[in-house]
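See below for coords_23.txt, which holds compact mmCIF, C-alpha atoms.
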```txt
# COMPACT_ATOMS: atom_id res chain seq x y z
CA MET A 16 102.44 89.72 116.07
CA GLY A 17 100.16 88.51 113.30
CA ASP A 18 99.04 84.95 112.62
CA GLY A 19 97.29 82.95 109.96
CA ALA A 20 94.15 82.28 111.99
CA ALA A 21 93.07 85.86 112.48
CA SER A 22 93.51 89.25 111.00
CA ALA A 23 92.82 92.68 112.37
CA LEU A 24 91.75 95.36 109.93
CA PRO A 25 93.21 97.68 111.06
CA GLY A 26 96.10 95.33 111.86
CA ASP A 27 97.50 94.28 115.24
CA GLY A 28 96.32 97.51 116.72
CA GLY A 29 92.73 96.86 115.67
CA VAL A 30 90.00 94.41 116.54
CA ALA A 31 90.86 90.77 115.82
CA GLN A 32 88.49 88.95 113.50
CA ALA A 33 88.51 85.27 112.60
CA ALA A 34 89.48 84.48 109.05
CA ALA A 35 86.81 82.83 106.88
CA PRO A 36 87.12 79.03 106.62
CA PRO A 37 87.92 77.53 103.21
CA THR A 38 85.03 76.57 100.93
CA SER A 39 84.34 72.92 100.20
CA ASP A 40 86.06 73.11 96.81
CA ALA A 41 89.14 74.90 98.13
CA ASP A 42 92.58 73.40 97.63
CA THR A 43 93.39 71.43 100.78
CA GLY A 44 96.98 70.59 99.80
CA PRO A 45 100.08 71.82 101.59
CA VAL A 46 100.16 75.58 102.14
CA ARG A 47 103.17 77.27 100.58
CA PHE A 48 104.13 80.90 100.27
CA VAL A 49 105.62 82.46 97.17
CA ALA A 50 108.93 84.32 97.25
CA PRO A 51 108.54 87.53 99.26
CA ASP A 52 107.80 90.85 97.65
CA TRP A 53 110.25 93.27 99.23
CA GLY A 54 109.35 96.92 99.71
CA LEU A 55 111.88 99.40 101.03
CA GLY A 56 111.22 100.26 104.67
CA SER A 57 111.47 103.62 106.37
CA GLY A 58 114.72 102.85 108.20
CA THR A 59 117.16 100.33 109.57
CA LEU A 60 115.58 99.69 113.00
CA PRO A 61 111.97 98.63 112.24
CA GLN A 62 109.96 97.73 115.35
CA HIS A 63 106.34 96.90 114.51
CA LEU A 64 103.95 96.95 111.56
CA ASP A 65 100.26 97.17 110.87
CA THR A 66 97.96 96.73 107.87
CA ALA A 67 95.11 98.92 106.66
CA ASP A 68 94.10 101.04 103.66
CA TYR A 69 96.13 104.16 104.38
CA ASN A 70 95.44 106.00 101.10
CA GLY A 71 91.78 105.16 100.48
CA ASP A 72 92.22 103.21 97.24
CA GLY A 73 90.63 100.03 98.57
CA ASN A 74 93.90 98.08 98.76
CA LEU A 75 95.66 96.98 101.93
CA ASP A 76 98.92 98.77 102.73
CA VAL A 77 101.61 98.16 105.35
CA ALA A 78 102.70 100.76 107.92
CA VAL A 79 106.03 100.26 109.70
CA VAL A 80 107.43 102.21 112.65
CA ASN A 81 111.18 102.67 112.87
CA GLN A 82 113.19 103.41 116.01
CA GLY A 83 115.05 106.70 116.11
CA PRO A 84 116.93 108.88 116.33
CA ALA A 85 115.92 110.14 112.90
CA PRO A 86 117.27 110.54 110.32
CA LEU A 87 120.31 108.58 111.57
CA PHE A 88 118.39 105.28 111.51
CA GLY A 89 115.69 106.40 109.09
CA ILE A 90 112.32 108.12 109.36
CA GLY A 91 109.81 107.27 112.11
CA VAL A 92 106.82 106.09 110.02
CA GLY A 93 106.81 104.48 106.59
CA VAL A 94 103.87 103.20 104.55
CA SER A 95 104.32 100.74 101.69
CA LEU A 96 101.26 101.04 99.47
CA GLY A 97 99.66 97.86 98.14
CA ASP A 98 98.45 97.40 94.58
CA GLY A 99 95.80 94.82 95.47
CA ARG A 100 97.81 91.97 93.91
CA GLY A 101 100.25 91.35 96.75
CA HIS A 102 102.88 93.88 95.69
CA LEU A 103 104.15 96.76 97.82
CA VAL A 104 105.90 99.91 96.70
CA GLY A 105 108.79 101.55 98.55
CA ALA A 106 107.87 103.29 101.77
CA ILE A 107 106.32 106.76 101.80
CA THR A 108 107.61 108.33 105.00
CA THR A 109 106.27 110.69 107.65
CA ASP A 110 108.82 112.46 109.83
CA LEU A 111 107.71 112.81 113.46
CA GLY A 112 110.09 115.69 114.11
CA SER A 113 112.62 116.28 116.89
CA GLU A 114 114.68 113.29 115.63
CA LEU A 115 111.93 111.02 116.96
CA GLY A 116 111.38 107.47 115.76
CA ALA A 117 108.60 105.11 116.86
CA CYS A 118 108.44 101.69 118.56
CA ASP A 119 104.76 100.69 118.47
CA LEU A 120 101.59 101.67 116.63
CA ALA A 121 97.84 101.19 116.37
CA THR A 122 95.50 102.01 113.51
CA GLY A 123 92.05 103.55 113.70
CA ASP A 124 89.85 106.23 112.17
CA TRP A 125 90.11 109.13 114.60
CA ASN A 126 87.86 111.56 112.67
CA ASN A 127 85.50 109.19 110.80
CA ASP A 128 86.62 110.35 107.37
CA GLY A 129 87.04 106.77 106.12
CA LEU A 130 90.85 106.95 106.08
CA ALA A 131 93.09 104.89 108.36
CA ASP A 132 94.96 107.00 110.91
CA LEU A 133 97.76 106.08 113.33
CA VAL A 134 98.88 106.56 116.90
CA VAL A 135 102.51 105.67 117.57
CA LEU A 136 104.79 105.35 120.57
CA GLY A 137 107.64 107.75 119.95
CA CYS A 138 111.07 106.41 120.80
CA THR A 139 114.78 106.47 120.10
CA THR A 140 117.56 104.11 121.09
CA GLY A 141 117.62 106.13 124.32
CA GLY A 142 114.13 104.95 125.27
CA PRO A 143 110.41 105.72 124.86
CA SER A 144 108.95 109.18 124.43
CA SER A 145 105.57 110.79 123.88
CA LEU A 146 102.68 109.28 121.98
CA VAL A 147 102.05 110.85 118.58
CA VAL A 148 98.56 111.00 117.05
CA LEU A 149 98.57 111.13 113.25
CA THR A 150 95.70 111.62 110.78
CA SER A 151 95.89 110.37 107.22
CA ASP A 152 96.51 112.78 104.33
CA GLY A 153 95.02 110.20 101.96
CA ASP A 154 98.27 109.45 100.12
CA GLY A 155 100.18 107.32 102.65
CA THR A 156 101.52 110.28 104.60
CA PHE A 157 100.17 111.70 107.86
CA THR A 158 99.75 114.98 109.71
CA LYS A 159 100.73 115.16 113.37
CA ARG A 160 97.73 116.24 115.42
CA GLN A 161 98.57 115.63 119.09
CA THR A 162 101.39 114.41 121.34
CA PRO A 163 99.91 112.97 124.56
CA ASP A 164 102.46 112.88 127.39
CA ASN A 165 104.33 109.61 127.89
CA THR A 166 107.79 108.55 129.04
CA VAL A 167 107.40 104.75 129.41
CA LYS A 168 107.13 101.63 127.26
CA VAL A 169 103.50 100.86 126.43
CA GLN A 170 101.49 98.73 124.05
CA ILE A 171 98.67 100.34 122.05
CA VAL A 172 95.34 99.02 120.74
CA ALA A 173 92.46 100.86 119.08
CA GLY A 174 88.72 100.54 118.52
CA ASP A 175 85.43 102.38 119.04
CA LEU A 176 85.01 102.00 122.79
CA ASN A 177 81.87 104.10 123.28
CA GLY A 178 79.89 103.54 120.08
CA ASP A 179 80.08 107.10 118.78
CA GLY A 180 81.59 106.13 115.40
CA PHE A 181 85.06 107.45 116.22
CA ASP A 182 87.88 105.09 117.12
CA ASP A 183 89.59 105.47 120.49
CA PHE A 184 92.82 103.91 121.78
CA VAL A 185 94.19 102.29 124.92
CA THR A 186 97.72 101.97 126.26
CA SER A 187 98.96 99.44 128.80
CA GLN A 188 102.30 99.90 130.52
CA ASN A 189 105.11 97.40 130.89
CA GLY A 190 106.90 97.56 134.23
CA ALA A 191 104.04 99.12 136.19
CA ALA A 192 100.33 98.31 136.10
CA LEU A 193 98.74 101.30 134.37
CA VAL A 194 96.04 101.27 131.68
CA LYS A 195 95.02 104.52 129.98
CA THR A 196 92.01 105.03 127.70
CA TYR A 197 91.99 107.92 125.21
CA ILE A 198 88.54 108.87 123.92
CA SER A 199 88.33 110.59 120.53
CA LYS A 200 86.97 114.11 120.24
CA GLY A 201 86.05 113.35 116.62
CA ASP A 202 88.47 115.85 115.13
CA GLY A 203 91.67 113.80 115.20
CA THR A 204 92.52 114.68 118.81
CA PHE A 205 91.72 112.98 122.11
CA LYS A 206 90.46 113.82 125.57
CA PRO A 207 92.74 113.46 128.62
CA PRO A 208 93.10 109.75 129.42
CA ILE A 209 90.93 107.73 131.75
CA VAL A 210 93.43 106.01 134.08
CA ASN A 211 93.13 102.52 135.56
CA THR A 212 95.61 101.02 138.04
CA PRO A 213 95.02 97.25 137.86
CA ASP A 214 97.00 94.46 139.52
CA PHE A 215 99.19 93.46 136.56
CA ASP A 216 101.10 95.20 133.80
CA SER A 217 101.48 93.73 130.30
CA TYR A 218 104.03 92.62 127.76
CA ASP A 219 101.39 92.39 125.05
CA LEU A 220 97.88 93.80 124.68
CA GLU A 221 94.93 92.85 122.45
CA ILE A 222 91.40 94.17 121.99
CA ALA A 223 88.46 91.94 121.05
CA TYR A 224 84.86 91.05 121.83
CA VAL A 225 85.29 88.59 124.68
CA ASP A 226 82.07 88.16 126.64
CA GLY A 227 79.42 88.09 123.92
CA ASP A 228 78.17 91.67 124.13
CA THR A 229 78.89 94.55 121.73
CA ASP A 230 81.48 96.24 123.96
CA LEU A 231 85.18 95.85 123.19
CA ASP A 232 87.31 94.23 125.89
CA LEU A 233 91.03 94.13 126.70
CA ILE A 234 93.25 91.05 127.01
CA GLY A 235 96.78 91.36 128.37
CA ALA A 236 99.76 89.02 128.80
CA ALA A 237 101.54 89.82 132.05
CA GLY A 238 104.40 87.33 131.82
CA GLY A 239 102.49 85.31 134.39
CA PRO A 240 98.70 85.34 134.06
CA VAL A 241 96.62 86.38 131.08
CA TRP A 242 94.19 89.05 132.22
CA THR A 243 90.93 90.50 130.94
CA MET A 244 89.27 93.89 131.44
CA LEU A 245 85.69 93.90 130.15
CA GLY A 246 84.47 97.03 128.40
CA ASN A 247 81.47 98.94 129.72
CA GLY A 248 80.57 100.47 126.35
CA ASP A 249 81.27 104.03 127.49
CA GLY A 250 85.05 104.07 127.18
CA THR A 251 85.65 102.63 130.63
CA PHE A 252 86.59 99.08 131.67
CA GLY A 253 85.77 96.83 134.59
CA VAL A 254 88.24 95.44 137.09
CA GLN A 255 91.12 93.32 135.86
CA ILE A 256 90.21 89.62 135.95
CA PHE A 257 92.90 86.95 136.08
CA GLN A 258 93.89 83.60 137.47
CA PHE A 259 97.27 81.91 137.72
CA SER A 260 97.77 78.92 135.43
CA SER A 261 100.72 76.67 134.65
CA VAL A 262 99.39 76.34 131.09
CA LEU A 263 98.28 79.86 130.28
CA SER A 264 101.10 82.29 131.02
CA GLY A 265 103.45 84.26 128.83
CA ILE A 266 104.40 87.44 127.03
CA GLU A 267 102.83 87.34 123.55
CA LEU A 268 99.14 86.97 122.71
CA ALA A 269 97.00 86.06 119.74
CA VAL A 270 93.20 86.17 119.81
CA ALA A 271 90.88 84.43 117.37
CA ASP A 272 88.13 81.82 117.21
CA PHE A 273 90.40 78.77 117.30
CA ASP A 274 87.66 76.14 117.73
CA GLY A 275 84.97 77.53 115.42
CA ASP A 276 82.31 78.08 118.07
CA GLY A 277 81.95 81.79 117.33
CA ALA A 278 83.59 82.91 120.58
CA THR A 279 86.94 84.59 121.12
CA ASP A 280 89.80 82.36 122.27
CA VAL A 281 93.35 83.25 123.23
CA ALA A 282 96.80 81.75 122.63
CA VAL A 283 99.91 82.80 124.52
CA VAL A 284 103.60 81.93 124.28
CA ASP A 285 105.93 81.97 127.28
CA ALA A 286 109.37 83.48 127.55
CA SER A 287 111.51 80.63 128.82
CA GLY A 288 109.97 77.19 128.35
CA GLY A 289 109.14 77.37 124.66
CA HIS A 290 105.46 76.59 125.23
CA VAL A 291 102.27 77.77 123.56
CA GLY A 292 99.11 77.64 125.66
CA SER A 293 95.54 78.27 124.51
CA ALA A 294 92.29 78.91 126.31
CA SER A 295 88.59 79.14 125.58
CA VAL A 296 86.39 82.17 126.12
CA PRO A 297 86.05 83.17 129.80
CA GLY A 298 83.38 81.28 131.67
CA PRO A 299 82.03 81.79 135.19
CA GLY A 300 84.02 84.54 136.85
CA ARG A 301 85.31 85.59 133.42
CA SER A 302 88.77 84.06 133.78
CA TRP A 303 90.24 82.17 130.83
CA ALA A 304 89.71 78.40 130.88
CA ALA A 305 93.06 76.92 129.79
CA THR A 306 92.62 73.99 127.43
CA ARG A 307 95.98 72.82 126.16
CA SER A 308 99.67 73.52 125.89
CA SER A 309 102.23 72.56 123.26
CA SER A 310 105.93 73.09 122.67
CA ALA A 311 106.95 75.98 120.50
CA PRO A 312 109.93 75.56 118.12
CA GLY A 313 112.60 77.07 120.32
CA ARG A 314 112.58 79.54 123.16
CA LEU A 315 111.89 83.21 123.35
CA CYS A 316 114.02 85.76 125.09
CA GLY A 317 111.92 88.26 126.99
```

Spit out the file's structure as structure tokens when you get a sec.
Amino acid sequence: MGDGAASALPGDGGVAQAAAPPTSDADTGPVRFVAPDWGLGSGTLPQHLDTADYNGDGNLDVAVVNQGPAPLFGIGVGVSLGDGRGHLVGAITTDLGSELGACDLATGDWNNDGLADLVVLGCTTGGPSSLVVLTSDGDGTFTKRQTPDNTVKVQIVAGDLNGDGFDDFVTSQNGAALVKTYISKGDGTFKPPIVNTPDFDSYDLEIAYVDGDTDLDLIGAAGGPVWTMLGNGDGTFGVQIFQFSSVLSGIELAVADFDGDGATDVAVVDASGGHVGSASVPGPGRSWAATRSSSAPGRLCG
């Protein structure tokens, strides 16, 4: 989900931001990683992770969601706290109750208290369940605040969609084209969703500033086309914009400024040909302008 060219703080569920380029005196030799620092996870079926400061100490931590049923395969949410030097401690867990695990997550600040909160897709090996909204207790654990209805596989992204200082979140469904926007009430709970029924579903979903204004936009990978829904700044989105392309199609997305021009670009990997395609910021008509394609090392199974 993550990549070296961009980070999202909060992590994959937050707004992608380009990483700073190296300074002129930076080491330009081969990049190597040190031996990994292992922290104990929350269970044996981890699904996704995110990064943010979940306990308010100024250091980045890692949140992992673990598929249920719990406690058979572990606890639904685990946070490994960072010490600011690259080390992580063993996971501090939050039980979602009802033997529920989780299969996706997004990070935001639902109540503007300066602490990173979560929304997760509840799930077990039997399939997806309700969404679970969690607010931070300030120590790496969370309190369950709300369980919006859900029975399908969705992806989740978060950001302040209406400029009120409280983060909101969006889900996009896989298998049927349905996008839902949840606007924060400011107290850790959310209003009933605003529902969109676009043309395409998604395998992956990102949120970023696409068209040069200050309103967050959505980018989705539909297996075929990459689509965009431009934000209106009030929690709603415009129509889904897409075009079919032999270069730009796939199931996993990454967004960042790949060419250094200050605009958001997109990269996508397909599910069968082992190709990575990239595209520049949408131009006239707001559809992505595919620029190049390369072979990925191996093939993905979607």

Review point. From the list A:Leu64, A:Ala173, A:Val104, A:Leu115, which residue is nearest Asp232 (chain A) when using only C-alpha atoms?
Key: A:Ala173

Would you be able to write out as a short mmCIF file (atom, residue, chain, number, x, y, z; two decimals) with C-alpha atoms, keeping the file's coordinate frame which residues have an atom within 12 Å of (89.3, 106.0, 103.0) in the file's coordinates, counting only C-alpha atoms?
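Result saved to part.cif:
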```cif
data_model
loop_
_atom_site.label_atom_id
_atom_site.label_comp_id
_atom_site.auth_asym_id
_atom_site.auth_seq_id
_atom_site.Cartn_x
_atom_site.Cartn_y
_atom_site.Cartn_z
CA ALA A 67 95.11 98.92 106.66
CA ASP A 68 94.10 101.04 103.66
CA TYR A 69 96.13 104.16 104.38
CA ASN A 70 95.44 106.00 101.10
CA GLY A 71 91.78 105.16 100.48
CA ASP A 72 92.22 103.21 97.24
CA GLY A 73 90.63 100.03 98.57
CA ASN A 74 93.90 98.08 98.76
CA LEU A 75 95.66 96.98 101.93
CA GLY A 123 92.05 103.55 113.70
CA ASP A 124 89.85 106.23 112.17
CA ASN A 126 87.86 111.56 112.67
CA ASN A 127 85.50 109.19 110.80
CA ASP A 128 86.62 110.35 107.37
CA GLY A 129 87.04 106.77 106.12
CA LEU A 130 90.85 106.95 106.08
CA ALA A 131 93.09 104.89 108.36
CA ASP A 132 94.96 107.00 110.91
CA THR A 150 95.70 111.62 110.78
CA SER A 151 95.89 110.37 107.22
CA ASP A 152 96.51 112.78 104.33
CA GLY A 153 95.02 110.20 101.96
CA ASP A 154 98.27 109.45 100.12
CA GLY A 155 100.18 107.32 102.65
#
```

Review point. If we count all atoms listed in the file, what is near Val80 (chain A) at a cut-off of 10 Å, once residues fewer than 5 positions away on the same chain are taken out, given as a VMD selection string?
Key: chain A and resid 56 to 58 60 to 65 89 to 94 108 to 109 116 to 120 135 to 138

Within 7 Å of Leu176 (chain A) using all atoms listed in the file, minus same-chain residues under 5 positions, as a PDB file with C-alpha atoms, in the coordinates of the input:
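Written out: out-v9.pdb:
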```pdb
ATOM      1  CA  ASP A 183      89.590 105.470 120.490  1.00  0.00           C
ATOM      2  CA  ASP A 230      81.480  96.240 123.960  1.00  0.00           C
ATOM      3  CA  LEU A 231      85.180  95.850 123.190  1.00  0.00           C
ATOM      4  CA  GLY A 248      80.570 100.470 126.350  1.00  0.00           C
ATOM      5  CA  ASP A 249      81.270 104.030 127.490  1.00  0.00           C
ATOM      6  CA  GLY A 250      85.050 104.070 127.180  1.00  0.00           C
TER       7      GLY A 250
END
```

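Among A:Asn165, A:Thr243, A:Asn211, A:Asn189, the residue with the shortest atom-to-atom distance to Pro143 (chain A), counting all atoms listed in the file, is A:Asn165.
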
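Nearest to Thr251 (chain A) of all the residues A:Thr66, A:Thr156, A:Asn177, A:Thr186 is A:Asn177, counting only C-alpha atoms.
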
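Compared by their closest atoms to Gly99 (chain A), and using all atoms listed in the file, the residues A:Asp76, A:Thr196, A:Arg160, A:Thr122 rank with A:Asp76 nearest.
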
Practice item. Choose the residue, out of A:Val283, A:Ala223, A:Val254, A:Ala78, that has the smallest atom-to-atom separation from Gly239 (chain A); count all atoms listed in the file. Key: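 Result for the nearest residue to Gly239 (chain A): A:Val283.
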
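Between CA of Val77 (chain A) and CA of Asp272 (chain A) there is a distance of 24.3 Å.
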
Review point. Got a sec to check which residues sit within 7 Å of (105.3, 84.3, 126.5), counting all atoms listed in the file, and write them as a PyMOL selection string?
Key: chain A and resi 238+264-267+283-286

Take the residues just selected and output them with C-alpha atoms as a PDB file, keeping the file's coordinate frame.
```pdb
ATOM      1  CA  GLY A 238     104.400  87.330 131.820  1.00  0.00           C
ATOM      2  CA  SER A 264     101.100  82.290 131.020  1.00  0.00           C
ATOM      3  CA  GLY A 265     103.450  84.260 128.830  1.00  0.00           C
ATOM      4  CA  ILE A 266     104.400  87.440 127.030  1.00  0.00           C
ATOM      5  CA  GLU A 267     102.830  87.340 123.550  1.00  0.00           C
ATOM      6  CA  VAL A 283      99.910  82.800 124.520  1.00  0.00           C
ATOM      7  CA  VAL A 284     103.600  81.930 124.280  1.00  0.00           C
ATOM      8  CA  ASP A 285     105.930  81.970 127.280  1.00  0.00           C
ATOM      9  CA  ALA A 286     109.370  83.480 127.550  1.00  0.00           C
TER      10      ALA A 286
END
```

Exercise for review: With a distance cut-off of 9 Å and only C-alpha atoms, select the neighbouring residues of Gly253 (chain A), excluding the residue or stretch itself and same-chain residues fewer than 3 positions from it, and output the selection as an MDAnalysis selection string.
Suggested key: chainID A and resid 243:247 256

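Atom pair CA of Val172 (chain A) / CA of Val281 (chain A): separated by 16.1 Å.
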
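Across the structure, CA of Leu149 (chain A) and CA of Asp175 (chain A) are spaced 16.8 Å apart.
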
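With all atoms listed in the file as the atoms that count, the minimum distance from Lys159 (chain A) to the choices A:Lys200, A:Ile171, A:Leu111, A:Phe184 is reached by A:Leu111.
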
Around region 204-216 of chain A, fit a box with edges along x, y and z, padding it by 4 Å on each side, then list its centre and edge lengths in Å to one decimal as AutoDock Vina command-line options.
```
--center_x 95.8 --center_y 104.1 --center_z 129.2 --size_x 18.6 --size_y 29.2 --size_z 28.7
```
